[in-house]
$ cat model_30.cif   # mmCIF, C-alpha atoms
data_work
loop_
_atom_site.label_atom_id
_atom_site.label_comp_id
_atom_site.auth_asym_id
_atom_site.auth_seq_id
_atom_site.Cartn_x
_atom_site.Cartn_y
_atom_site.Cartn_z
CA MET A 815 -15.06 -6.54 0.59
CA MET A 816 -13.00 -9.66 0.30
CA ASN A 817 -12.13 -10.01 3.95
CA LEU A 818 -14.21 -13.02 5.01
CA GLY A 819 -12.35 -13.61 8.30
CA HIS A 820 -12.87 -17.12 9.62
CA ARG A 821 -15.73 -17.79 7.28
CA THR A 822 -16.21 -21.51 6.75
CA LEU A 823 -14.37 -22.95 3.80
CA ILE A 824 -17.21 -25.26 2.85
CA VAL A 825 -20.31 -23.88 1.19
CA ILE A 826 -23.02 -26.48 0.73
CA LEU A 827 -25.07 -25.89 -2.36
CA THR A 828 -27.96 -28.32 -2.46
CA ALA A 829 -30.80 -28.56 -4.91
CA HIS A 830 -32.13 -30.64 -7.75
CA LEU A 831 -32.93 -30.10 -11.35
CA VAL A 832 -36.39 -28.53 -11.14
CA ARG A 833 -38.83 -26.75 -13.33
CA CYS A 834 -39.92 -23.24 -12.34
CA ASP A 835 -42.38 -21.26 -14.44
CA GLY A 836 -41.66 -23.55 -17.36
CA HIS A 837 -37.86 -22.98 -17.21
CA GLU A 838 -35.29 -25.57 -16.28
CA GLU A 839 -32.77 -24.44 -13.68
CA CYS A 840 -29.48 -26.15 -12.91
CA GLN A 841 -29.40 -26.66 -9.16
CA GLN A 842 -26.90 -29.49 -8.99
CA LYS A 843 -25.95 -30.70 -5.53
CA PHE A 844 -22.47 -29.28 -5.02
CA GLU A 845 -19.95 -29.14 -2.19
CA PHE A 846 -17.45 -26.32 -2.48
CA LYS A 847 -14.12 -27.06 -0.75
CA ALA A 848 -10.99 -25.00 -0.20
CA SER A 849 -8.99 -27.46 -2.32
CA MET A 850 -10.94 -26.24 -5.34
CA CYS A 851 -9.42 -22.76 -4.99
CA ARG A 852 -6.58 -23.80 -7.31
CA PRO A 853 -8.35 -23.97 -10.67
CA ASP A 854 -4.99 -23.98 -12.43
CA LYS A 855 -4.28 -27.42 -10.91
CA PRO A 856 -5.84 -30.53 -12.48
CA GLN A 857 -8.80 -31.54 -10.36
CA GLY A 858 -9.98 -34.66 -12.16
CA CYS A 859 -13.62 -35.51 -12.62
CA LEU A 860 -15.72 -34.15 -9.74
CA TYR A 861 -19.26 -34.08 -11.09
CA GLY A 862 -20.02 -37.46 -12.59
CA PRO A 863 -20.82 -38.38 -16.19
CA PRO A 864 -22.26 -35.87 -18.70
CA LYS A 865 -25.85 -34.84 -18.01
CA ASN A 866 -28.53 -32.34 -19.06
CA ILE A 867 -27.60 -33.00 -22.65
CA SER A 868 -30.37 -30.76 -24.00
CA HIS A 869 -28.57 -27.76 -22.53
CA CYS A 870 -24.98 -28.90 -22.68
CA GLU A 871 -24.56 -30.46 -26.11
CA ASP A 872 -22.93 -28.36 -28.84
CA LEU A 873 -21.80 -25.88 -26.20
CA SER A 874 -19.93 -22.93 -27.68
CA ILE A 875 -18.10 -20.32 -25.61
CA SER A 876 -16.29 -17.12 -26.57
CA THR A 877 -14.10 -14.92 -24.40
CA ILE A 878 -13.46 -11.20 -24.74
CA ILE A 879 -9.86 -10.47 -23.78
CA ASN A 880 -9.84 -8.49 -20.55
CA GLU A 881 -7.17 -9.68 -18.16
CA PRO A 882 -7.25 -11.02 -15.50
CA TYR A 883 -10.93 -11.79 -15.90
CA THR A 884 -10.56 -13.67 -19.20
CA THR A 885 -8.24 -16.37 -17.86
CA TYR A 886 -7.97 -16.22 -14.09
CA PHE A 887 -11.59 -15.56 -13.15
CA PHE A 888 -14.08 -16.54 -15.82
CA ARG A 889 -12.28 -19.35 -17.60
CA ALA A 890 -11.46 -21.19 -14.39
CA TYR A 891 -14.75 -20.77 -12.57
CA MET A 892 -17.06 -21.01 -15.54
CA ASP A 893 -15.45 -24.32 -16.53
CA ILE A 894 -14.85 -25.92 -13.13
CA LEU A 895 -17.55 -24.51 -10.87
CA ILE A 896 -20.45 -23.78 -13.19
CA ILE A 897 -20.48 -25.63 -16.50
CA ASN A 898 -19.10 -28.82 -14.98
CA GLN A 899 -21.70 -28.72 -12.21
CA CYS A 900 -24.57 -28.54 -14.61
CA CYS A 901 -23.20 -30.61 -17.47
CA GLY A 902 -21.07 -33.18 -15.68
CA CYS A 903 -17.57 -34.16 -16.75
CA LEU A 904 -17.59 -32.85 -20.29
CA ASN A 905 -14.62 -33.17 -22.57
CA PHE A 906 -13.73 -29.47 -22.68
CA THR A 907 -11.48 -29.99 -25.66
CA GLN A 908 -14.61 -30.66 -27.71
CA ILE A 909 -16.31 -27.40 -26.69
CA TYR A 910 -16.10 -24.83 -29.45
CA ARG A 911 -14.19 -21.79 -28.25
CA THR A 912 -13.24 -18.51 -29.83
CA THR A 913 -11.64 -15.29 -28.61
CA TYR A 914 -12.37 -11.63 -29.33
CA ASN A 915 -9.78 -8.93 -28.72
CA ASP A 916 -12.42 -6.51 -27.44
CA THR A 917 -16.16 -5.85 -27.31
CA THR A 918 -16.02 -4.00 -30.64
CA GLU A 919 -14.72 -7.10 -32.43
CA PHE A 920 -17.46 -9.19 -30.81
CA LEU A 921 -20.17 -6.75 -31.96
CA GLN A 922 -18.76 -6.71 -35.49
CA ARG A 923 -18.99 -10.49 -35.56
CA LYS A 924 -22.51 -10.40 -34.12
CA ASN A 925 -23.78 -7.81 -36.61
CA SER A 926 -22.02 -9.28 -39.61
CA GLY A 927 -24.92 -11.60 -40.41
CA THR A 928 -22.59 -14.55 -41.00
CA GLY A 929 -24.37 -16.67 -38.43
CA PRO A 930 -25.24 -16.75 -34.74
CA VAL A 931 -22.56 -15.96 -32.16
CA GLU A 932 -21.53 -18.42 -29.46
CA ARG A 933 -23.99 -19.47 -26.79
CA ILE A 934 -21.93 -18.04 -23.87
CA ILE A 935 -19.77 -14.88 -24.07
CA TYR A 936 -17.69 -13.50 -21.19
CA PRO A 937 -16.51 -11.30 -19.54
CA VAL A 938 -18.88 -8.41 -20.19
CA LEU A 939 -19.09 -5.31 -18.00
CA GLY A 940 -22.60 -4.10 -17.33
CA ASP A 941 -25.27 -2.86 -14.98
CA PRO A 942 -26.64 -5.76 -12.89
CA SER A 943 -30.15 -4.30 -13.13
CA GLN A 944 -30.15 -4.77 -16.90
CA LYS A 945 -31.47 -8.10 -18.16
CA LYS A 946 -30.12 -7.83 -21.71
CA TYR A 947 -27.09 -6.36 -23.47
CA TYR A 948 -26.54 -6.34 -27.23
CA GLY A 949 -29.73 -8.37 -27.64
CA MET A 950 -28.40 -11.17 -25.39
CA TYR A 951 -29.28 -12.21 -21.85
CA PHE A 952 -26.96 -10.84 -19.15
CA VAL A 953 -26.17 -12.73 -15.93
CA PRO A 954 -23.96 -10.83 -13.41
CA MET A 955 -21.14 -12.77 -11.75
CA TYR A 956 -18.66 -10.44 -10.01
CA TYR A 957 -19.62 -7.04 -8.58
CA LEU A 958 -17.13 -4.17 -8.66
CA GLU A 959 -17.43 -2.25 -5.41
CA GLU A 960 -13.96 -0.89 -4.64
CA GLY A 961 -10.95 0.47 -6.45
CA LEU A 962 -7.39 0.44 -5.13
CA LEU A 963 -5.11 3.40 -5.81
CA ILE A 964 -1.45 2.42 -6.16
CA THR A 965 0.97 5.18 -5.16
CA LEU A 966 4.70 5.45 -4.50
CA LYS A 967 6.20 5.35 -1.05
CA LYS A 968 9.13 7.60 -0.22
CA THR A 969 12.59 6.10 -0.48
CA SER A 970 14.91 6.19 2.55
CA GLY A 971 17.03 8.88 0.88
CA GLU A 972 13.98 11.05 0.24
CA ILE A 973 12.82 10.61 3.85
CA VAL A 974 16.21 11.63 5.29
CA THR A 975 16.55 14.63 2.95
CA ASP A 976 13.02 15.81 3.67
CA LEU A 977 13.56 15.31 7.40
CA LEU A 978 16.76 17.37 7.47
CA PHE A 979 15.21 20.22 5.49
CA ARG A 980 12.13 20.34 7.70
CA ILE A 981 14.19 20.27 10.90
CA ALA A 982 16.31 23.09 9.48
CA GLY A 983 13.04 24.95 8.92
CA LEU A 984 12.59 25.11 12.71
CA TRP A 985 15.46 27.61 13.00
CA PRO A 986 13.16 30.51 14.12
CA LEU A 987 12.13 28.50 17.17
CA LEU A 988 15.76 27.62 17.89
CA VAL A 989 16.74 31.31 17.66
CA ILE A 990 14.07 32.25 20.21
CA PHE A 991 15.29 29.34 22.34
CA LEU A 992 18.87 30.70 22.40
CA LEU A 993 17.84 34.35 22.85
CA MET A 994 15.74 33.47 25.90
CA ALA A 995 18.66 31.49 27.35
CA ALA A 996 20.97 34.48 26.83
CA ILE A 997 18.54 36.95 28.45
CA SER A 998 17.89 34.74 31.45
CA GLY A 999 21.64 34.11 31.82
CA PHE A 1000 22.35 37.86 31.84
CA ILE A 1001 19.69 38.47 34.52
CA LEU A 1002 21.06 35.74 36.79
CA TRP A 1003 24.66 36.97 36.29
CA ALA A 1004 23.58 40.49 37.31
CA VAL A 1005 21.90 39.11 40.44
CA GLU A 1006 24.61 36.60 41.47
CA THR A 1007 27.95 38.05 40.43
CA ARG A 1008 28.53 40.11 43.60
CA ARG A 1009 28.10 37.20 46.05
CA ASN A 1010 28.80 34.24 43.76
CA ARG A 1011 31.93 35.17 41.82
CA GLU A 1012 33.20 31.62 41.44
CA ALA A 1013 30.13 30.53 39.45
CA PHE A 1014 29.42 33.86 37.75
CA ARG A 1015 32.68 35.76 37.19
CA ARG A 1016 32.81 39.55 37.41
CA PRO A 1017 34.15 40.43 33.92
CA PHE A 1018 31.11 40.94 31.67
CA HIS A 1019 32.26 38.82 28.73
CA GLN A 1020 33.12 35.93 31.06
CA GLY A 1021 30.12 36.33 33.34
CA PHE A 1022 27.68 36.65 30.43
CA LEU A 1023 28.92 33.33 28.99
CA ASP A 1024 28.61 31.75 32.44
CA GLY A 1025 25.02 32.99 32.66
CA PHE A 1026 24.19 31.81 29.12
CA TRP A 1027 25.54 28.34 29.92
CA TRP A 1028 23.46 28.18 33.08
CA GLY A 1029 20.33 29.38 31.25
CA PHE A 1030 20.77 26.80 28.46
CA VAL A 1031 21.33 23.73 30.67
CA SER A 1032 18.53 24.82 33.04
CA MET A 1033 16.10 25.25 30.16
CA THR A 1034 16.89 21.79 28.82
CA THR A 1035 16.41 20.36 32.37
CA VAL A 1036 19.94 18.93 32.31
CA GLY A 1037 21.19 20.89 35.34
CA TYR A 1038 24.86 19.91 35.63
CA GLY A 1039 25.16 21.72 38.98
CA ASP A 1040 28.45 23.41 38.07
CA LYS A 1041 26.77 26.84 38.36
CA VAL A 1042 24.17 27.27 41.09
CA PRO A 1043 22.55 30.48 42.38
CA ILE A 1044 23.01 31.12 46.11
CA THR A 1045 20.94 34.29 46.66
CA TRP A 1046 17.22 34.03 47.33
CA VAL A 1047 16.47 36.41 44.42
CA GLY A 1048 18.57 34.27 42.08
CA ARG A 1049 16.88 31.07 43.22
CA LEU A 1050 13.41 32.61 42.84
CA PHE A 1051 14.22 33.76 39.31
CA SER A 1052 15.71 30.31 38.56
CA SER A 1053 12.45 28.62 39.59
CA PHE A 1054 10.42 30.68 37.12
CA TRP A 1055 13.02 30.24 34.38
CA ILE A 1056 13.13 26.46 34.77
CA ILE A 1057 9.33 26.28 34.37
CA GLY A 1058 9.50 28.55 31.32
CA GLY A 1059 12.43 26.58 29.91
CA ILE A 1060 10.56 23.29 30.18
CA THR A 1061 7.70 24.89 28.25
CA LEU A 1062 10.02 26.10 25.49
CA CYS A 1063 11.70 22.68 25.31
CA SER A 1064 8.31 20.99 25.04
CA ILE A 1065 7.34 23.26 22.15
CA LEU A 1066 10.56 22.46 20.32
CA THR A 1067 10.18 18.71 20.97
CA ALA A 1068 6.55 18.75 19.81
CA SER A 1069 7.53 20.61 16.63
CA MET A 1070 10.24 18.08 15.83
CA THR A 1071 7.83 15.20 16.50
CA ASP A 1072 5.32 16.76 14.13
CA VAL A 1073 8.05 17.06 11.48
CA ILE A 1074 9.05 13.39 11.86
CA ASN A 1075 5.42 12.25 11.65
CA HIS A 1076 4.82 14.38 8.58
CA VAL A 1077 7.87 12.95 6.85
CA THR A 1078 7.39 9.27 7.71
CA LEU A 1079 3.61 8.98 7.43
CA PRO A 1080 2.34 8.51 3.85
CA LYS A 1081 0.50 11.30 2.13
CA GLN A 1082 -3.24 10.97 1.95
CA ALA A 1083 -4.08 9.30 -1.34
CA THR A 1084 -6.69 10.99 -3.51
CA LEU A 1085 -8.39 10.41 -6.85
CA SER A 1086 -8.61 14.13 -7.59
CA GLY A 1087 -5.24 14.25 -9.38
CA LYS A 1088 -4.03 12.68 -12.62
CA VAL A 1089 -4.68 8.96 -12.25
CA GLY A 1090 -3.57 6.17 -14.57
CA ILE A 1091 -5.95 3.37 -15.54
CA LEU A 1092 -5.87 0.45 -17.97
CA GLU A 1093 -7.51 0.99 -21.34
CA GLY A 1094 -11.20 0.18 -21.57
CA ARG A 1095 -11.88 0.09 -17.82
CA LEU A 1096 -15.24 1.83 -17.41
CA PHE A 1097 -15.49 1.23 -13.65
CA GLU A 1098 -12.15 2.94 -12.90
CA THR A 1099 -12.95 5.77 -15.32
CA GLN A 1100 -16.21 6.44 -13.53
CA MET A 1101 -14.54 6.47 -10.08
CA VAL A 1102 -11.87 8.98 -11.16
CA THR A 1103 -14.25 11.37 -12.92
CA ARG A 1104 -16.74 11.35 -10.04
CA SER A 1105 -13.88 12.27 -7.66
CA GLY A 1106 -12.91 15.28 -9.77
CA GLY A 1107 -9.72 13.77 -11.17
CA THR A 1108 -8.44 13.20 -14.68
CA PHE A 1109 -7.53 9.78 -16.04
CA HIS A 1110 -4.79 8.66 -18.40
CA GLU A 1111 -5.25 5.31 -20.16
CA MET A 1112 -2.41 2.96 -21.03
CA PRO A 1113 -2.54 -0.57 -22.51
CA THR A 1114 -0.33 -2.31 -19.92
CA LEU A 1115 0.55 -2.10 -16.24
CA LYS A 1116 4.22 -1.73 -17.17
CA ASP A 1117 3.42 1.53 -18.98
CA LEU A 1118 1.44 2.77 -15.98
CA LEU A 1119 4.24 1.86 -13.55
CA ASP A 1120 6.76 3.71 -15.74
CA MET A 1121 4.56 6.81 -15.64
CA LEU A 1122 4.13 6.50 -11.88
CA ASP A 1123 7.88 6.16 -11.30
CA SER A 1124 8.51 9.28 -13.40
CA ASN A 1125 5.76 11.23 -11.52
CA GLU A 1126 3.71 11.72 -14.70
CA ILE A 1127 0.68 10.44 -12.78
CA SER A 1128 -0.13 10.55 -9.08
CA GLY A 1129 -1.37 6.97 -8.87
CA ILE A 1130 -2.78 3.90 -10.63
CA LEU A 1131 -6.39 2.88 -10.01
CA LEU A 1132 -7.21 -0.82 -10.33
CA ASP A 1133 -10.09 -3.03 -9.27
CA TYR A 1134 -9.53 -5.62 -6.57
CA ILE A 1135 -8.73 -8.65 -8.74
CA THR A 1136 -6.52 -6.75 -11.18
CA LYS A 1137 -4.53 -5.19 -8.35
CA ASN A 1138 -3.95 -8.44 -6.49
CA TYR A 1139 -3.42 -10.72 -9.48
CA LEU A 1140 -1.75 -8.67 -12.24
CA LEU A 1141 0.12 -5.98 -10.29
CA PRO A 1142 2.49 -8.31 -8.35
CA LYS A 1143 3.32 -10.07 -11.61
CA ALA A 1144 4.04 -6.76 -13.38
CA ILE A 1145 6.27 -5.59 -10.51
CA THR A 1146 8.22 -8.86 -10.47
CA LYS A 1147 8.54 -9.01 -14.27
CA THR A 1148 9.98 -5.48 -14.45
CA ASN A 1149 12.37 -6.09 -11.50
CA ARG A 1150 10.82 -3.39 -9.34
CA ASP A 1151 10.87 -3.25 -5.56
CA LYS A 1152 7.40 -4.17 -4.33
CA ASN A 1153 7.95 -2.30 -1.06
CA LEU A 1154 8.08 1.02 -2.91
CA TYR A 1155 4.35 0.85 -3.61
CA ARG A 1156 1.32 1.09 -1.38
CA SER A 1157 -2.41 0.75 -2.04
CA THR A 1158 -5.37 2.71 -0.70
CA SER A 1159 -8.93 1.43 -0.97
CA PHE A 1160 -11.74 3.61 -2.33
CA GLN A 1161 -15.36 2.52 -2.28
CA SER A 1162 -17.45 3.34 -5.32
CA THR A 1163 -19.96 6.13 -4.63
CA ALA A 1164 -21.80 5.85 -7.93
CA HIS A 1165 -25.55 5.31 -7.87
CA LYS A 1166 -25.05 2.91 -10.75
CA SER A 1167 -23.16 -0.28 -9.92
CA TYR A 1168 -21.04 -2.33 -12.28
CA THR A 1169 -20.51 -6.05 -12.54
CA TYR A 1170 -18.64 -8.46 -14.78
CA GLY A 1171 -20.91 -11.15 -16.10
CA ALA A 1172 -21.70 -13.48 -18.97
CA LEU A 1173 -23.97 -13.09 -21.99
CA PHE A 1174 -26.19 -15.98 -23.06
CA ARG A 1175 -27.49 -16.12 -26.59
CA GLU A 1176 -30.62 -18.02 -25.58
CA GLU A 1177 -32.90 -17.25 -22.68
CA ARG A 1178 -33.17 -20.92 -21.75
CA ASP A 1179 -29.39 -21.08 -21.21
CA ALA A 1180 -29.46 -17.96 -19.03
CA ASN A 1181 -32.24 -19.40 -16.90
CA PHE A 1182 -30.53 -22.77 -16.72
CA PHE A 1183 -27.12 -21.52 -15.49
CA ARG A 1184 -28.21 -18.43 -13.48
CA ASN A 1185 -29.01 -20.26 -10.24
CA VAL A 1186 -25.63 -22.01 -9.95
CA ILE A 1187 -23.81 -18.79 -10.87
CA TYR A 1188 -25.48 -17.00 -7.96
CA GLN A 1189 -24.90 -19.86 -5.54
CA THR A 1190 -21.20 -20.21 -6.42
CA ALA A 1191 -20.46 -16.53 -5.70
CA ASP A 1192 -19.65 -17.16 -2.00
CA GLY A 1193 -17.19 -19.90 -2.86
CA VAL A 1194 -15.47 -17.67 -5.40
CA GLU A 1195 -15.01 -14.95 -2.77
CA ILE A 1196 -13.42 -17.50 -0.44
CA CYS A 1197 -10.95 -18.45 -3.17
CA PHE A 1198 -10.07 -14.81 -3.76
CA SER A 1199 -9.54 -14.24 -0.06
CA ARG A 1200 -7.13 -17.20 0.11
CA ALA A 1201 -5.34 -16.49 -3.16
CA PHE A 1202 -4.72 -12.80 -2.51
CA ARG A 1203 -3.81 -13.01 1.16
CA ASP A 1204 -0.69 -10.88 1.80
CA LYS A 1205 -0.08 -10.41 -1.94
CA MET A 1206 0.60 -6.69 -1.82
CA ASP A 1207 -0.41 -5.54 1.65
CA TYR A 1208 2.91 -4.48 3.15
CA VAL A 1209 3.08 -2.45 6.34
CA PRO A 1210 5.56 0.41 5.87
CA PRO A 1211 8.47 0.06 8.30
CA ALA A 1212 9.03 2.62 11.03
CA LEU A 1213 11.75 5.21 10.56
CA PHE A 1214 14.34 3.28 12.59
CA SER A 1215 12.92 -0.24 12.61
CA PRO A 1216 15.35 -3.11 11.89
CA ASP A 1217 13.81 -3.50 8.41
CA SER A 1218 14.18 0.19 7.58
CA LYS A 1219 16.86 1.12 5.05
CA ILE A 1220 17.46 4.30 7.04
CA PHE A 1221 18.37 2.22 10.10
CA GLN A 1222 20.56 -0.13 8.07
CA HIS A 1223 22.40 2.69 6.27
CA SER A 1224 22.83 4.63 9.52
CA CYS A 1225 24.33 1.60 11.25
CA PHE A 1226 26.74 1.10 8.36
CA VAL A 1227 27.87 4.75 8.38
CA PHE A 1228 28.25 4.91 12.17
CA PHE A 1229 30.12 1.60 12.24
CA ALA A 1230 32.50 2.90 9.55
CA ILE A 1231 33.07 6.06 11.61
CA LEU A 1232 33.83 3.96 14.70
CA VAL A 1233 36.34 1.89 12.71
CA CYS A 1234 38.04 5.12 11.60
CA ILE A 1235 38.09 6.33 15.22
CA GLY A 1236 39.65 3.04 16.30
CA MET A 1237 42.34 3.31 13.63
CA PHE A 1238 43.00 6.90 14.66
CA GLY A 1239 43.33 5.78 18.30
CA ILE A 1240 45.84 3.06 17.38
CA LEU A 1241 47.96 5.52 15.36
CA TYR A 1242 47.68 8.12 18.12
CA GLU A 1243 48.87 5.69 20.80
CA CYS A 1244 51.72 4.45 18.60
CA ARG A 1245 52.90 8.02 18.11
CA ARG A 1246 52.67 8.74 21.85
CA LYS A 1247 54.64 5.59 22.61
CA LYS A 1248 57.39 6.56 20.16
CA LYS A 1249 57.62 10.05 21.65
CA LYS A 1250 57.78 8.60 25.15
CA GLU A 1251 60.52 6.17 24.17
CA ALA A 1252 62.46 9.03 22.54
CA VAL A 1253 62.20 11.18 25.70
CA ILE A 1254 63.54 8.47 28.10
CA PRO A 1255 66.98 8.04 26.39
CA ALA A 1256 67.33 11.79 26.15
CA GLN A 1257 66.78 12.11 29.91
CA GLY A 1258 69.31 9.30 30.56
CA SER A 1259 72.01 10.99 28.51
CA LYS A 1260 71.55 14.20 30.44
CA GLU A 1261 72.06 12.35 33.72
#

$ encode --input "model_30.cif" --output "structure tokens"
Amino acid sequence: MMNLGHRTLIVILTAHLVRCDGHEECQQKFEFKASMCRPDKPQGCLYGPPKNISHCEDLSISTIINEPYTTYFFRAYMDILIINQCCGCLNFTQIYRTTYNDTTEFLQRKNSGTGPVERIIYPVLGDPSQKKYYGMYFVPMYYLEEGLLITLKKTSGEIVTDLLFRIAGLWPLLVIFLLMAAISGFILWAVETRRNREAFRRPFHQGFLDGFWWGFVSMTTVGYGDKVPITWVGRLFSSFWIIGGITLCSILTASMTDVINHVTLPKQATLSGKVGILEGRLFETQMVTRSGGTFHEMPTLKDLLDMLDSNEISGILLDYITKNYLLPKAITKTNRDKNLYRSTSFQSTAHKSYTYGALFREERDANFFRNVIYQTADGVEICFSRAFRDKMDYVPPALFSPDSKIFQHSCFVFFAILVCIGMFGILYECRRKKKKEAVIPAQGSKE
């Protein structure tokens, strides 16, 4: 959804302040540049002196706490890309602002009868087809179309343990492998032992082992050549056995390859299990329930990550902005390893779509700001694409890639073993040298 490729980083928004059906619409000439994708950095005055005073004077704004939309998305882009466009360089310190902890607190304030609420309220989750919510005019700004399921990757220790157990589970195939080698070795010994006693000795216990050795190395296509049939019957049987042995080896190799792939490749992520979501997230709740799963709400990402690490939930479902903006911060703040987590994208299949937008107390304000809100959407997507590039999209390393912990640990262990072998060799040679030096004087005294 956010992958815009090489889309141009300049979106030209041109228009003028016009009247349409008796309503004023803000269509300020505006040039969106990539340098504006850092709303946290001071930009200076970009839009000239204050203007459209009839709409912009006594502006009051309230925010409903819902991170990261409250600060990262709406505060930055409403102030810099929308209100400033239409109202010019206002002194934002003079704009009346208030904050509500949740929608319930906002509705209590609205229904209290103590006076009108602020002229602009955001963010509010709603259906983009609805024109009004809570008696106010709704303008959609950011559509929710995909959720990202955060799951745990396997650690290197878990991969190695699982791999060893699954390879050990192939023992039935290995037993058949050895039994076939023993049978073929016996047959060739019976055929060859009369005329080929050097390769296949006459005593049964010796000749049977000779035949088993030949059958095993022939089946594995090694073929040392230390035992070779010389009779035409033995060679004919050997031809068939080599073909059959290659087939058996291929089956064993394919089975081991399947085991390795099963262990190293991630499990298919699904929303049908127990999925963790942040409290009050209707979009994620709807995606989980429609997929047949159950959801567990927690107030913070830290709580959800703790549950995921302890396997209390199978994954964490987040929308695109929350996953890319809040999740890396939560992982860093709690000193977790970011490479232990992976994300899988799920598109919403609901007939009803959801969007975060703003509520306007007066219809004239909604009509005035709606046009610029729609036109700025492309520029906002460009900013998201740039800001979230490579935030959490890590390609899992191969089993024995240089970045793999399995490779690094294996190299360390094998190097330590080689050091021990080298030390053993030094001690062994020192002992041999001492024995040799002790033998030479003894021989001299005898002479």

$ atom_distance --input "model_30.cif" --atom1 "CA of Gly1059 (chain A)" --atom2 "CA of Trp1027 (chain A)"
13.2 Å

$ resolve_selection --input "model_30.cif" --expression "the PyMOL selection byres ((chain A and resi 1031) around 12)" --output "short mmCIF file (atom, residue, chain, number, x, y, z; two decimals) with C-alpha atoms, keeping the file's coordinate frame"
data_model
loop_
_atom_site.label_atom_id
_atom_site.label_comp_id
_atom_site.auth_asym_id
_atom_site.auth_seq_id
_atom_site.Cartn_x
_atom_site.Cartn_y
_atom_site.Cartn_z
CA PHE A 991 15.29 29.34 22.34
CA LEU A 992 18.87 30.70 22.40
CA ALA A 995 18.66 31.49 27.35
CA ALA A 996 20.97 34.48 26.83
CA SER A 998 17.89 34.74 31.45
CA GLY A 999 21.64 34.11 31.82
CA ASP A 1024 28.61 31.75 32.44
CA GLY A 1025 25.02 32.99 32.66
CA PHE A 1026 24.19 31.81 29.12
CA TRP A 1027 25.54 28.34 29.92
CA TRP A 1028 23.46 28.18 33.08
CA GLY A 1029 20.33 29.38 31.25
CA PHE A 1030 20.77 26.80 28.46
CA SER A 1032 18.53 24.82 33.04
CA MET A 1033 16.10 25.25 30.16
CA THR A 1034 16.89 21.79 28.82
CA THR A 1035 16.41 20.36 32.37
CA VAL A 1036 19.94 18.93 32.31
CA GLY A 1037 21.19 20.89 35.34
CA TYR A 1038 24.86 19.91 35.63
CA GLY A 1039 25.16 21.72 38.98
CA ASP A 1040 28.45 23.41 38.07
CA LYS A 1041 26.77 26.84 38.36
CA VAL A 1042 24.17 27.27 41.09
CA SER A 1052 15.71 30.31 38.56
CA TRP A 1055 13.02 30.24 34.38
CA ILE A 1056 13.13 26.46 34.77
CA GLY A 1059 12.43 26.58 29.91
CA ILE A 1060 10.56 23.29 30.18
CA CYS A 1063 11.70 22.68 25.31
#

$ residues_around --input "model_30.cif" --residues "Leu1118 (chain A)" --least-positions-apart "4" --cutoff "12 Å" --atoms "all atoms listed in the file" --output "number ranges by chain"
A: 964-965, 1088-1093, 1109-1114, 1122-1132, 1141, 1144-1145, 1148

$ resolve_selection --input "model_30.cif" --expression "the PyMOL selection byres ((chain A and resi 1098) around 12)" --output "ChimeraX atom specification"
/A:939,958-963,1085,1089-1097,1099-1105,1107-1111,1130-1134,1136,1160-1164,1167-1168

$ residues_near_point --input "model_30.cif" --point "(27.9, 34.3, 47.7)" --cutoff "7 Å" --atoms "only C-alpha atoms" --output "JSON, numbers by chain"
{"A": [1009, 1010, 1044]}

$ resolve_selection --input "model_30.cif" --expression "the PyMOL selection byres ((chain A and resi 926-938) around 9)" --output "short mmCIF file (atom, residue, chain, number, x, y, z; two decimals) with C-alpha atoms, in the coordinates of the input"
data_model
loop_
_atom_site.label_atom_id
_atom_site.label_comp_id
_atom_site.auth_asym_id
_atom_site.auth_seq_id
_atom_site.Cartn_x
_atom_site.Cartn_y
_atom_site.Cartn_z
CA LEU A 873 -21.80 -25.88 -26.20
CA SER A 874 -19.93 -22.93 -27.68
CA ILE A 875 -18.10 -20.32 -25.61
CA SER A 876 -16.29 -17.12 -26.57
CA THR A 877 -14.10 -14.92 -24.40
CA ILE A 878 -13.46 -11.20 -24.74
CA ILE A 879 -9.86 -10.47 -23.78
CA ASN A 880 -9.84 -8.49 -20.55
CA TYR A 883 -10.93 -11.79 -15.90
CA THR A 884 -10.56 -13.67 -19.20
CA PHE A 888 -14.08 -16.54 -15.82
CA ARG A 889 -12.28 -19.35 -17.60
CA TYR A 910 -16.10 -24.83 -29.45
CA ARG A 911 -14.19 -21.79 -28.25
CA THR A 912 -13.24 -18.51 -29.83
CA THR A 917 -16.16 -5.85 -27.31
CA PHE A 920 -17.46 -9.19 -30.81
CA LEU A 921 -20.17 -6.75 -31.96
CA GLN A 922 -18.76 -6.71 -35.49
CA ARG A 923 -18.99 -10.49 -35.56
CA LYS A 924 -22.51 -10.40 -34.12
CA ASN A 925 -23.78 -7.81 -36.61
CA LEU A 939 -19.09 -5.31 -18.00
CA GLY A 940 -22.60 -4.10 -17.33
CA PHE A 952 -26.96 -10.84 -19.15
CA PRO A 954 -23.96 -10.83 -13.41
CA THR A 1169 -20.51 -6.05 -12.54
CA TYR A 1170 -18.64 -8.46 -14.78
CA GLY A 1171 -20.91 -11.15 -16.10
CA ALA A 1172 -21.70 -13.48 -18.97
CA LEU A 1173 -23.97 -13.09 -21.99
CA PHE A 1174 -26.19 -15.98 -23.06
CA ARG A 1175 -27.49 -16.12 -26.59
CA GLU A 1176 -30.62 -18.02 -25.58
CA ASP A 1179 -29.39 -21.08 -21.21
CA ALA A 1180 -29.46 -17.96 -19.03
#

$ atom_distance --input "model_30.cif" --atom1 "CA of Glu972 (chain A)" --atom2 "CA of Thr1067 (chain A)"
22.4 Å

$ atom_distance --input "model_30.cif" --atom1 "CA of Gly1087 (chain A)" --atom2 "CA of Gly983 (chain A)"
28.0 Å
